[in-house]
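K.L.:
Quick one: structure below, then a few questions.
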There are 2 protein chains.
Amino acid sequence: MLKRQTIDNSLRALAEPTRRAIIERLSQGPTSVSDLARPFNMTLAAVVQHLQVLEEAGFVRSEKVGRVRTCRLEAGGFDQLAAWINDRRSLMERRFDRLADLLAEPEPNKETKP
Amino acid sequence: MLKRQTIDNSLRALAEPTRRAIIERLSQGPTSVSDLARPFNMTLAAVVQHLQVLEEAGFVRSEKVGRVRTCRLEAGGFDQLAAWINDRRSLMERRFDRLADLLAEPEPNKETKP
């Protein structure tokens, strides 16, 4: 079972348009933080802060080689979110199955009536 | 391809803790709006507003019979979000495949060197 906290982090991370734009960019391939920041109309520090939120939620990882920090997408955050969605879906389906079973049962009182 | 707008709506809808609590409650089964609102420390109008956001994003649908409005989870929103996640995952995997191909190729300059 996933911790509520984790899903809260994932969904809060993805709820911000700039962070989603960062994910779209990184799904084309890894890039340095400065290249990543260029198209955004904000300071490098602001972009780094968004990256930290995405890193904490498991959507991005970064590594520094020399003076260059390179970011790439990370599967973990997507896997967690997919698991949350699947849990909700299977709860829905289980309820539909129970409803179908109920509808398939013979009506209990009908036989005894004249 | 999913419209950006739709994913924005889905993620914004899920980013709010009360709306996620509503989804958790509804994954146990359909319920009337007034029963749904009871455990929340907010006005019925505020809960209805959250429900509208969830309805617009395709996570909930409601129907009114007589004086009672009943809400239930809807698969559509979850399906759209799952599709968005899968798109991101397959972009990641495609890049890994390309990288693997590249690593499997013989180094082009090695043969020609003495």
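Following the order of the structure tokens, first chain is A, next is B, and so on, with residues numbered from 1 inside each chain and ligands from 1 in the order they appear.
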Which residues of chain A come within 12 Å of chain B, and for each one, what is the closest pair of atoms and their distance in Å to one decimal, counting only C-alpha atoms, sorted by chain and residue number, as CSV?

P.N.:
residue,atom,partner,partner_atom,distance
A:Arg4,CA,B:Arg20,CA,10.0
A:Gln5,CA,B:Pro17,CA,10.7
A:Ile7,CA,B:Ala15,CA,9.6
A:Asp8,CA,B:Ala15,CA,7.5
A:Asn9,CA,B:Ala15,CA,9.1
A:Ser10,CA,B:Ala15,CA,8.8
A:Leu11,CA,B:Ala15,CA,5.3
A:Arg12,CA,B:Ala15,CA,5.1
A:Ala13,CA,B:Ala15,CA,8.4
A:Leu14,CA,B:Leu11,CA,6.5
A:Ala15,CA,B:Arg12,CA,5.1
A:Glu16,CA,B:Arg12,CA,7.9
A:Pro17,CA,B:Asp8,CA,7.6
A:Thr18,CA,B:Asp8,CA,11.3
A:Arg19,CA,B:Asp8,CA,11.5
A:Arg20,CA,B:Asp8,CA,8.8
A:Ala21,CA,B:Arg4,CA,10.4
A:Ile23,CA,B:Arg88,CA,8.4
A:Glu24,CA,B:Arg88,CA,8.0
A:Arg25,CA,B:Arg88,CA,10.6
A:Leu26,CA,B:Met92,CA,9.0
A:Ser27,CA,B:Leu91,CA,5.9
A:Gln28,CA,B:Leu91,CA,7.2
A:Gly29,CA,B:Arg95,CA,7.1
A:Pro30,CA,B:Arg95,CA,9.7
A:Phe59,CA,B:Arg88,CA,10.5
A:Val60,CA,B:Met92,CA,11.6
A:Arg72,CA,B:Met92,CA,9.3
A:Leu73,CA,B:Met92,CA,7.3
A:Glu74,CA,B:Met92,CA,8.5
A:Ala75,CA,B:Arg89,CA,7.0
A:Gly76,CA,B:Arg89,CA,10.3
A:Gly77,CA,B:Ile85,CA,9.7
A:Phe78,CA,B:Ile85,CA,6.2
A:Asp79,CA,B:Ile85,CA,8.4
A:Gln80,CA,B:Ile85,CA,10.4
A:Leu81,CA,B:Ile85,CA,8.1
A:Ala82,CA,B:Ala82,CA,6.3
A:Ala83,CA,B:Ala82,CA,9.6
A:Trp84,CA,B:Phe78,CA,9.8
A:Ile85,CA,B:Phe78,CA,6.2
A:Asn86,CA,B:Phe78,CA,8.4
A:Asp87,CA,B:Ser27,CA,9.2
A:Arg88,CA,B:Ser27,CA,6.3
A:Arg89,CA,B:Ala75,CA,7.0
A:Ser90,CA,B:Ser27,CA,9.2
A:Leu91,CA,B:Ser27,CA,5.9
A:Met92,CA,B:Ser27,CA,6.2
A:Glu93,CA,B:Ala75,CA,9.5
A:Arg94,CA,B:Gln28,CA,9.9
A:Arg95,CA,B:Gly29,CA,7.2
A:Phe96,CA,B:Gly29,CA,9.8
A:Arg98,CA,B:Gly29,CA,11.1
A:Leu99,CA,B:Gly29,CA,11.0

K.L.:
Please list as a PyMOL selection string every residue within 9 Å of Val47 (chain A), counting only C-alpha atoms and excluding residues in the same chain fewer than 3 positions away.

P.N.:
chain A and resi 18-19+22+33+36-37+40+42-44+50-52

K.L.:
How far is it from CA of Val65 (chain B) to CA of Val48 (chain B), in Å with one decimal?

P.N.:
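Going from CA of Val65 (chain B) over to CA of Val48 (chain B), I get 16.5 Å.
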
K.L.:
Which distance in Å separates CA of Cys71 (chain B) and CA of Ala46 (chain B), to one decimal?

P.N.:
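Between CA of Cys71 (chain B) and CA of Ala46 (chain B) the gap works out to 15.3 Å.
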
K.L.:
Using DSSP on the backbone coordinates, identify all residues within chain A classified as strand (DSSP E or B); present the result as a PyMOL selection string.

P.N.:
chain A and resi 31-32+60-65+68-73

K.L.:
Over all C-alpha atoms, paired in order, superpose chain B onto chain A by least squares and report how large the RMSD is in Å.

P.N.:
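Per the least-squares fit, the RMSD is 0.2 Å.
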
K.L.:
Report the distance between CA of Arg69 (chain A) and CA of Ser32 (chain A) in Å, rounded to one decimal place.

P.N.:
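Interatomic distance, CA of Arg69 (chain A) to CA of Ser32 (chain A): 5.6 Å.
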
K.L.:
Give the alpha helix (DSSP H) residues of chain A, as DSSP finds them on the backbone, and put them as a VMD selection string.

P.N.:
chain A and resid 4 to 14 17 to 26 33 to 37 44 to 56 75 to 104

K.L.:
Since we have the selection now, will you write its residues out, keeping C-alpha atoms, as a PDB file, in the first residue's frame?

P.N.:
ATOM      1  CA  ARG A   4      -0.698   8.955   1.473  1.00  0.00           C
ATOM      2  CA  GLN A   5       2.233  11.351   1.866  1.00  0.00           C
ATOM      3  CA  THR A   6       3.895  10.022  -1.280  1.00  0.00           C
ATOM      4  CA  ILE A   7       0.830  10.493  -3.446  1.00  0.00           C
ATOM      5  CA  ASP A   8       0.336  13.962  -1.975  1.00  0.00           C
ATOM      6  CA  ASN A   9       3.908  14.820  -2.996  1.00  0.00           C
ATOM      7  CA  SER A  10       3.479  13.394  -6.494  1.00  0.00           C
ATOM      8  CA  LEU A  11       0.237  15.170  -7.231  1.00  0.00           C
ATOM      9  CA  ARG A  12       1.346  18.459  -5.716  1.00  0.00           C
ATOM     10  CA  ALA A  13       4.532  18.270  -7.771  1.00  0.00           C
ATOM     11  CA  LEU A  14       2.586  17.751 -11.004  1.00  0.00           C
ATOM     12  CA  PRO A  17       2.390  24.138 -14.925  1.00  0.00           C
ATOM     13  CA  THR A  18       6.128  24.973 -14.963  1.00  0.00           C
ATOM     14  CA  ARG A  19       6.951  21.612 -13.400  1.00  0.00           C
ATOM     15  CA  ARG A  20       4.843  19.827 -16.008  1.00  0.00           C
ATOM     16  CA  ALA A  21       6.660  21.791 -18.728  1.00  0.00           C
ATOM     17  CA  ILE A  22       9.968  20.617 -17.222  1.00  0.00           C
ATOM     18  CA  ILE A  23       8.737  17.004 -17.405  1.00  0.00           C
ATOM     19  CA  GLU A  24       7.699  17.474 -21.056  1.00  0.00           C
ATOM     20  CA  ARG A  25      11.151  18.848 -21.866  1.00  0.00           C
ATOM     21  CA  LEU A  26      12.948  16.034 -20.030  1.00  0.00           C
ATOM     22  CA  VAL A  33      19.970  22.655 -15.610  1.00  0.00           C
ATOM     23  CA  SER A  34      21.050  25.805 -17.454  1.00  0.00           C
ATOM     24  CA  ASP A  35      19.760  24.524 -20.837  1.00  0.00           C
ATOM     25  CA  LEU A  36      16.563  23.439 -19.140  1.00  0.00           C
ATOM     26  CA  ALA A  37      16.076  26.866 -17.546  1.00  0.00           C
ATOM     27  CA  LEU A  44      17.807  29.822 -12.439  1.00  0.00           C
ATOM     28  CA  ALA A  45      17.139  29.597  -8.678  1.00  0.00           C
ATOM     29  CA  ALA A  46      13.374  29.313  -9.311  1.00  0.00           C
ATOM     30  CA  VAL A  47      13.916  26.524 -11.857  1.00  0.00           C
ATOM     31  CA  VAL A  48      16.229  24.712  -9.431  1.00  0.00           C
ATOM     32  CA  GLN A  49      13.510  24.915  -6.782  1.00  0.00           C
ATOM     33  CA  HIS A  50      10.962  23.347  -9.151  1.00  0.00           C
ATOM     34  CA  LEU A  51      13.503  20.624  -9.957  1.00  0.00           C
ATOM     35  CA  GLN A  52      13.930  19.898  -6.248  1.00  0.00           C
ATOM     36  CA  VAL A  53      10.176  19.398  -5.842  1.00  0.00           C
ATOM     37  CA  LEU A  54      10.188  17.012  -8.827  1.00  0.00           C
ATOM     38  CA  GLU A  55      13.228  15.192  -7.446  1.00  0.00           C
ATOM     39  CA  GLU A  56      11.623  14.733  -4.014  1.00  0.00           C
ATOM     40  CA  ALA A  75      10.485   6.203 -13.473  1.00  0.00           C
ATOM     41  CA  GLY A  76       9.745   5.992  -9.708  1.00  0.00           C
ATOM     42  CA  GLY A  77       7.288   8.897  -9.437  1.00  0.00           C
ATOM     43  CA  PHE A  78       5.364   7.750 -12.516  1.00  0.00           C
ATOM     44  CA  ASP A  79       5.212   4.181 -11.168  1.00  0.00           C
ATOM     45  CA  GLN A  80       3.814   5.368  -7.823  1.00  0.00           C
ATOM     46  CA  LEU A  81       1.173   7.508  -9.471  1.00  0.00           C
ATOM     47  CA  ALA A  82       0.203   4.667 -11.825  1.00  0.00           C
ATOM     48  CA  ALA A  83      -0.155   2.343  -8.804  1.00  0.00           C
ATOM     49  CA  TRP A  84      -2.446   4.868  -7.081  1.00  0.00           C
ATOM     50  CA  ILE A  85      -4.621   5.118 -10.209  1.00  0.00           C
ATOM     51  CA  ASN A  86      -4.776   1.320 -10.525  1.00  0.00           C
ATOM     52  CA  ASP A  87      -5.833   0.968  -6.868  1.00  0.00           C
ATOM     53  CA  ARG A  88      -8.724   3.399  -7.437  1.00  0.00           C
ATOM     54  CA  ARG A  89      -9.698   1.623 -10.648  1.00  0.00           C
ATOM     55  CA  SER A  90      -9.699  -1.822  -9.058  1.00  0.00           C
ATOM     56  CA  LEU A  91     -11.854  -0.563  -6.167  1.00  0.00           C
ATOM     57  CA  MET A  92     -14.327   0.707  -8.783  1.00  0.00           C
ATOM     58  CA  GLU A  93     -14.258  -2.574 -10.696  1.00  0.00           C
ATOM     59  CA  ARG A  94     -14.700  -4.662  -7.551  1.00  0.00           C
ATOM     60  CA  ARG A  95     -17.851  -2.711  -6.800  1.00  0.00           C
ATOM     61  CA  PHE A  96     -19.136  -3.330 -10.331  1.00  0.00           C
ATOM     62  CA  ASP A  97     -18.440  -7.067  -9.888  1.00  0.00           C
ATOM     63  CA  ARG A  98     -20.400  -7.133  -6.634  1.00  0.00           C
ATOM     64  CA  LEU A  99     -23.276  -5.341  -8.341  1.00  0.00           C
ATOM     65  CA  ALA A 100     -23.191  -7.875 -11.204  1.00  0.00           C
ATOM     66  CA  ASP A 101     -23.228 -10.784  -8.692  1.00  0.00           C
ATOM     67  CA  LEU A 102     -26.196  -9.203  -6.939  1.00  0.00           C
ATOM     68  CA  LEU A 103     -28.091  -8.800 -10.210  1.00  0.00           C
ATOM     69  CA  ALA A 104     -27.300 -12.426 -11.173  1.00  0.00           C
TER      70      ALA A 104
END
